[in-house]
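start.txt follows (compact mmCIF, C-alpha atoms):
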```
# COMPACT_ATOMS: atom_id res chain seq x y z
CA MET A 1256 175.73 -0.07 4.17
CA GLU A 1257 173.48 1.01 7.01
CA ASN A 1258 169.83 -0.07 6.82
CA SER A 1259 167.89 2.79 8.37
CA ASN A 1260 164.53 4.51 8.59
CA VAL A 1261 164.49 8.20 9.54
CA LEU A 1262 161.94 10.95 10.14
CA GLN A 1263 163.14 14.56 9.81
CA LEU A 1264 160.87 17.42 10.90
CA ALA A 1265 161.11 20.73 9.07
CA HIS A 1266 159.20 22.94 11.51
CA GLN A 1267 158.26 23.00 15.19
CA MET A 1268 154.91 23.88 16.71
CA PHE A 1269 156.12 23.69 20.32
CA SER A 1270 158.94 25.49 22.11
CA ASP A 1271 159.45 23.96 25.58
CA PHE A 1272 159.97 20.39 24.38
CA TYR A 1273 159.72 19.02 20.85
CA LEU A 1274 160.85 16.29 18.51
CA CYS A 1275 163.47 17.16 15.88
CA TYR A 1276 163.90 13.75 14.23
CA CYS A 1277 163.91 10.06 15.02
CA GLY A 1278 164.76 6.73 13.45
CA TYR A 1279 166.36 3.33 13.80
CA ALA A 1280 169.23 1.66 11.98
CA SER A 1281 171.03 -1.66 11.59
CA CYS A 1282 174.73 -0.87 11.30
CA GLU A 1283 177.57 -2.50 9.40
CA PRO A 1284 180.63 -3.78 11.31
CA LEU A 1285 182.74 -0.87 12.64
CA GLN A 1286 180.34 1.69 11.18
CA HIS A 1287 180.78 4.88 13.17
CA PHE A 1288 179.57 8.44 13.65
CA GLY A 1289 181.77 11.35 14.68
CA PRO A 1290 183.59 12.75 16.44
CA ALA A 1291 180.90 15.39 15.93
CA VAL A 1292 178.51 17.68 17.74
CA ARG A 1293 174.81 18.33 17.30
CA PRO A 1294 172.84 21.46 18.26
CA ASN A 1295 170.11 19.44 19.99
CA TYR A 1296 169.69 16.51 22.39
CA LEU A 1297 169.90 12.90 21.18
CA ILE A 1298 168.92 9.70 22.96
CA TYR A 1299 170.06 6.38 21.49
CA PHE A 1300 168.90 2.93 22.59
CA VAL A 1301 170.55 -0.34 21.54
CA LEU A 1302 168.02 -2.93 20.36
CA ASP A 1303 170.51 -5.64 19.34
CA GLY A 1304 174.24 -6.24 19.07
CA LYS A 1305 176.83 -4.00 20.67
CA GLY A 1306 179.17 -1.08 20.12
CA THR A 1307 181.12 1.65 21.87
CA PHE A 1308 180.25 5.21 22.84
CA GLN A 1309 182.85 7.87 23.64
CA SER A 1310 182.52 11.42 24.91
CA GLY A 1311 185.58 13.26 26.14
CA ASP A 1312 187.97 10.84 27.81
CA ARG A 1313 185.26 8.34 28.69
CA GLN A 1314 184.58 5.31 26.50
CA VAL A 1315 181.98 2.65 27.31
CA SER A 1316 180.85 -0.56 25.66
CA LEU A 1317 177.09 -0.82 25.25
CA HIS A 1318 174.87 -3.83 24.55
CA ALA A 1319 171.20 -4.47 23.84
CA GLY A 1320 169.01 -2.90 26.54
CA GLU A 1321 171.39 0.01 27.08
CA GLY A 1322 171.65 3.47 25.60
CA PHE A 1323 173.32 6.85 25.71
CA LEU A 1324 172.43 10.53 25.80
CA ILE A 1325 174.20 13.23 23.79
CA ARG A 1326 173.63 16.79 24.95
CA PRO A 1327 173.74 19.87 22.67
CA ASN A 1328 177.23 20.85 21.48
CA GLN A 1329 178.77 17.81 23.16
CA THR A 1330 181.44 16.05 21.13
CA ALA A 1331 180.58 12.37 20.74
CA PHE A 1332 181.81 9.33 18.86
CA PHE A 1333 180.12 5.92 18.61
CA GLN A 1334 180.94 2.82 16.63
CA ALA A 1335 179.36 -0.56 15.93
CA ASP A 1336 181.16 -3.71 17.06
CA GLU A 1337 183.19 -5.54 14.43
CA ASN A 1338 181.68 -8.97 15.07
CA ASN A 1339 178.24 -8.13 16.44
CA PRO A 1340 177.29 -4.69 15.10
CA TRP A 1341 174.42 -3.00 16.84
CA THR A 1342 170.94 -2.05 15.80
CA TYR A 1343 169.70 1.05 17.57
CA LEU A 1344 166.93 3.61 17.61
CA TRP A 1345 167.23 7.30 18.35
CA ILE A 1346 165.24 10.46 18.91
CA GLY A 1347 166.56 13.99 18.53
CA PHE A 1348 164.74 16.61 20.57
CA ASP A 1349 165.14 20.14 21.87
CA GLY A 1350 163.34 22.90 23.72
CA ALA A 1351 163.68 25.34 26.59
CA ARG A 1352 162.78 22.77 29.28
CA CYS A 1353 164.66 19.70 28.01
CA ALA A 1354 167.28 19.81 30.77
CA GLU A 1355 164.53 20.03 33.38
CA TYR A 1356 162.63 17.08 31.88
CA LEU A 1357 165.75 14.93 31.62
CA LYS A 1358 166.52 15.56 35.27
CA ALA A 1359 162.92 14.76 36.20
CA ILE A 1360 163.07 11.29 34.62
CA GLY A 1361 166.38 10.44 36.28
CA PHE A 1362 169.26 11.78 34.18
CA ASP A 1363 171.88 13.49 36.32
CA GLU A 1364 173.66 16.44 34.74
CA ASP A 1365 176.75 14.34 33.98
CA GLN A 1366 174.96 11.07 33.20
CA GLN A 1367 175.37 9.83 29.64
CA THR A 1368 174.43 6.15 29.67
CA TYR A 1369 171.42 4.23 30.99
CA ARG A 1370 169.61 0.89 30.95
CA SER A 1371 165.97 0.15 30.24
CA PRO A 1372 164.00 -3.11 30.13
CA ASP A 1373 161.39 -1.48 27.88
CA GLY A 1374 163.20 -1.71 24.56
CA GLU A 1375 160.21 -3.13 22.71
CA LYS A 1376 157.97 -0.31 23.90
CA LEU A 1377 160.56 2.30 22.92
CA LYS A 1378 160.83 0.68 19.50
CA GLU A 1379 157.04 0.68 19.06
CA ILE A 1380 156.89 4.38 19.91
CA VAL A 1381 159.60 5.29 17.39
CA GLN A 1382 157.99 3.13 14.71
CA GLU A 1383 154.72 4.94 15.33
CA MET A 1384 156.52 8.30 15.10
CA LEU A 1385 157.86 7.30 11.69
CA ARG A 1386 154.34 6.79 10.38
CA TYR A 1387 153.47 10.47 10.90
CA ASN A 1388 155.81 11.71 8.20
CA THR A 1389 153.63 14.36 6.57
CA ALA A 1390 153.15 17.98 7.59
CA GLY A 1391 149.97 18.89 9.43
CA VAL A 1392 148.71 20.15 12.78
CA GLU A 1393 147.20 16.76 13.64
CA ASN A 1394 150.55 15.02 13.14
CA ASP A 1395 152.32 17.72 15.15
CA PHE A 1396 150.14 16.94 18.17
CA LEU A 1397 150.42 13.18 17.64
CA LEU A 1398 154.22 13.37 17.53
CA GLN A 1399 154.28 15.55 20.65
CA GLY A 1400 152.21 12.94 22.46
CA LEU A 1401 154.53 10.15 21.32
CA LEU A 1402 157.57 12.11 22.50
CA CYS A 1403 155.98 12.36 25.95
CA ARG A 1404 155.21 8.63 25.86
CA PHE A 1405 158.87 7.93 25.05
CA PHE A 1406 159.96 9.94 28.09
CA ALA A 1407 157.30 8.31 30.26
CA CYS A 1408 158.66 4.91 29.24
CA LEU A 1409 162.21 5.96 30.13
CA ALA A 1410 161.04 7.43 33.43
CA ARG A 1411 159.75 4.02 34.50
CA SER A 1412 163.28 2.58 34.51
CA LEU A 1413 165.42 5.69 34.97
CA SER A 1414 163.80 7.36 37.98
CA ILE A 1415 166.35 7.55 40.77
CA PRO A 1416 165.41 5.39 43.77
CA LEU A 1417 164.54 7.78 46.59
CA SER A 1418 166.62 5.65 48.95
CA ALA A 1419 169.67 6.85 47.04
CA VAL A 1420 168.78 10.53 47.39
CA ALA A 1421 169.97 12.70 50.26
CA LYS A 1422 167.38 13.24 52.99
CA ASN A 1423 166.93 16.98 52.36
CA ASP A 1424 166.54 16.45 48.62
CA ARG A 1425 164.03 13.69 49.28
CA GLU A 1426 161.94 15.93 51.52
CA ASN A 1427 162.05 18.79 49.02
CA PHE A 1428 161.03 16.36 46.27
CA TYR A 1429 157.89 15.27 48.11
CA VAL A 1430 156.89 18.82 49.02
CA ARG A 1431 157.54 20.09 45.49
CA ARG A 1432 155.39 17.34 43.98
CA ALA A 1433 152.59 18.06 46.46
CA VAL A 1434 152.74 21.79 45.65
CA GLU A 1435 152.60 21.02 41.92
CA TYR A 1436 149.57 18.83 42.54
CA VAL A 1437 147.77 21.68 44.30
CA HIS A 1438 148.72 24.11 41.53
CA TYR A 1439 147.06 21.99 38.85
CA ASN A 1440 144.14 20.58 40.88
CA TYR A 1441 143.08 23.16 43.47
CA ALA A 1442 139.79 23.77 41.62
CA ASN A 1443 138.80 20.09 41.79
CA HIS A 1444 137.73 19.90 45.44
CA ILE A 1445 140.93 18.09 46.42
CA THR A 1446 141.85 17.43 50.06
CA VAL A 1447 145.07 16.92 52.00
CA SER A 1448 144.40 13.18 51.76
CA ASP A 1449 144.47 13.51 47.98
CA MET A 1450 147.77 15.36 48.18
CA ALA A 1451 149.27 12.65 50.39
CA LYS A 1452 147.99 9.89 48.13
CA TYR A 1453 149.48 11.59 45.06
CA VAL A 1454 152.99 11.62 46.56
CA SER A 1455 152.53 8.17 48.19
CA LEU A 1456 152.87 9.37 51.78
CA ASN A 1457 150.59 9.19 54.80
CA ARG A 1458 149.01 12.45 55.95
CA SER A 1459 151.01 12.75 59.16
CA TYR A 1460 154.35 12.47 57.38
CA LEU A 1461 153.26 14.95 54.70
CA PHE A 1462 152.28 17.33 57.51
CA THR A 1463 155.75 16.93 59.05
CA LEU A 1464 157.49 17.64 55.72
CA PHE A 1465 155.41 20.76 55.01
CA GLN A 1466 156.13 22.11 58.47
CA ARG A 1467 159.82 21.42 58.04
CA VAL A 1468 160.20 22.81 54.52
CA LEU A 1469 157.48 25.49 54.19
CA HIS A 1470 156.71 26.10 57.88
CA ILE A 1471 152.96 25.67 57.33
CA SER A 1472 150.65 22.68 57.23
CA PRO A 1473 149.41 21.13 53.97
CA GLN A 1474 145.89 22.32 54.79
CA GLU A 1475 147.10 25.87 55.37
CA PHE A 1476 148.99 25.79 52.07
CA LEU A 1477 145.96 24.46 50.17
CA THR A 1478 143.63 27.04 51.75
CA THR A 1479 146.03 29.94 51.16
CA PHE A 1480 146.57 28.92 47.55
CA ARG A 1481 142.82 28.72 46.89
CA LEU A 1482 142.02 32.01 48.58
CA THR A 1483 144.86 33.77 46.77
CA ARG A 1484 143.36 32.65 43.46
CA ALA A 1485 139.96 33.83 44.74
CA LYS A 1486 141.37 37.29 45.57
CA GLU A 1487 142.64 37.57 42.00
CA GLN A 1488 139.22 36.70 40.60
CA LEU A 1489 137.40 39.08 42.93
CA THR A 1490 139.70 41.87 41.80
CA LEU A 1491 139.85 41.14 38.07
CA THR A 1492 136.43 39.65 37.22
CA ASP A 1493 132.75 40.25 37.80
CA SER A 1494 132.02 36.60 38.61
CA THR A 1495 129.65 35.95 41.50
CA VAL A 1496 131.00 34.88 44.86
CA ALA A 1497 129.35 31.48 44.40
CA ALA A 1498 131.00 30.99 41.00
CA ILE A 1499 134.41 31.99 42.35
CA ALA A 1500 133.98 29.64 45.31
CA GLN A 1501 133.37 26.74 42.91
CA SER A 1502 136.29 27.72 40.68
CA VAL A 1503 138.78 27.56 43.57
CA GLY A 1504 137.54 24.26 44.98
CA TYR A 1505 134.79 25.17 47.47
CA ARG A 1506 131.46 23.41 47.05
CA ASP A 1507 129.71 25.61 49.63
CA PRO A 1508 129.88 29.41 49.13
CA LEU A 1509 129.24 29.94 52.87
CA VAL A 1510 132.27 27.83 53.80
CA PHE A 1511 134.29 29.78 51.24
CA SER A 1512 133.14 33.15 52.61
CA LYS A 1513 133.96 32.11 56.17
CA ALA A 1514 137.47 30.96 55.19
CA PHE A 1515 138.02 34.12 53.14
CA LYS A 1516 137.02 36.39 56.05
CA GLN A 1517 139.22 34.45 58.44
CA MET A 1518 142.19 35.03 56.12
CA THR A 1519 141.59 38.65 55.09
CA GLY A 1520 139.32 40.06 57.80
CA MET A 1521 136.71 40.87 55.13
CA THR A 1522 133.95 39.08 53.32
CA PRO A 1523 134.51 38.45 49.59
CA VAL A 1524 132.04 41.23 48.74
CA GLN A 1525 133.82 43.69 51.06
CA TYR A 1526 137.20 42.72 49.59
CA ARG A 1527 135.98 43.28 46.04
CA LYS A 1528 134.51 46.66 46.96
CA GLN A 1529 137.77 47.71 48.60
CA GLN A 1530 139.86 46.64 45.60
CA ARG A 1531 137.56 48.37 43.14
CA GLY A 1532 137.69 51.51 45.26
CA GLN A 1533 141.47 51.49 45.22
CA GLN A 1534 141.49 50.99 41.44
CA ASP A 1535 139.10 53.93 40.98
CA SER A 1536 141.31 56.14 43.16
CA THR A 1537 144.38 55.16 41.16
CA ILE A 1538 142.65 55.97 37.87
CA GLN A 1539 141.46 59.36 39.17
```

Kindly return the structure encoded in the file as structure tokens.
Amino acid sequence: MENSNVLQLAHQMFSDFYLCYCGYASCEPLQHFGPAVRPNYLIYFVLDGKGTFQSGDRQVSLHAGEGFLIRPNQTAFFQADENNPWTYLWIGFDGARCAEYLKAIGFDEDQQTYRSPDGEKLKEIVQEMLRYNTAGVENDFLLQGLLCRFFACLARSLSIPLSAVAKNDRENFYVRRAVEYVHYNYANHITVSDMAKYVSLNRSYLFTLFQRVLHISPQEFLTTFRLTRAKEQLTLTDSTVAAIAQSVGYRDPLVFSKAFKQMTGMTPVQYRKQQRGQQDSTIQ
């Protein structure tokens, strides 16, 4: 009989990405599951022993340090070895952005198996998940954090080496990561050097990639992004120009006003007055 420990969750607080259940088990010889389908994603990782995994016409033998992914509504069958049955852990998860997150950590659309040297860390995370087995908002957040830690651990060993990625995809990857960095940090007085450091490139190469992909420089992108956010605040809020300057990453309101006028042809105060005038005309 299987020796297992399982956590089942009855409700979900999150929608983009959340844990459904998790556990680990020591299997009996030839113990199997399936062929069957599940409505959510499942990741298994072999801690000890070996077994086989089959999906469609493909069958693979898996050993300790290896694992497999089952996607929603995918028919799968797996079985413990007769002489050295496996012990494995698993997490079931779902959410609107699961496919995106799996791709981000290195799973291709058709990839089903993987290797990781971090089995002990994955085991520790699942064991910690199993301790939060009572309902409560605190445990919901703790489990969400552990799910992200599990994926972070996988990302360390699964991320695709950039040398194996096509040149255009590699360039788009760097630019996309830099843009994301600006999106989440533009208010923190970041510079182009910070952007380059975040994506592990020198400034000149980042400049070349931005020109090639977006046809503007990193500095132009950062400035445009900040001033676009400033235009929204000038239109929708009554915050002072100085406060808005700080909120979009400018320490000096005069520098902000100069950049804003260079972009729009108006000072921040003139822009706000124009927008309010247009709104009044629309209402009338």

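With only C-alpha atoms taken into account, the protein and nucleic acid residues at most 7 Å from stretch 1310-1323 of chain A (excluding it and anything under 4 positions from it in its own chain) are Ile1298, Tyr1299, Phe1300, Val1301, Leu1302, Asp1303, Gly1304, Lys1305, Gly1306, Thr1330, Ala1331, Phe1332, Gln1367, Thr1368, Tyr1369, Arg1370, Ser1371, Pro1372 and Gly1374 of chain A.
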
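With atom CA of A:Cys1282 on one side and atom CA of A:Tyr1343 on the other, the separation reads 8.3 Å.
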
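Between atom CA of A:Tyr1429 and atom CA of A:Ala1500 lies a distance of 28.0 Å.
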
| message | Taking (179.8, 11.3, 18.2) as a centre in this file's frame and 9 Å as the limit, can you find every polymer residue with an atom that close, using all atoms listed in the file, and give them as a VMD selection string? | response | chain A and resid 1287 to 1293 1308 to 1310 1325 1329 to 1334

| What is the distance, in Å and to one decimal place, between atom CA of A:Arg1527 and atom CA of A:Glu1487? | 9.7 Å

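With distances restricted to all atoms listed in the file, A:Ala1407 is the closest residue to A:Lys1376 from A:Gln1488, A:Ala1407, A:Glu1393, A:Gly1350.
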
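Remark: for A:Gln1286, the closest of the candidate residues A:Phe1269, A:Pro1340, A:Arg1386, A:Leu1324 is A:Pro1340 (distances computed over all atoms listed in the file).
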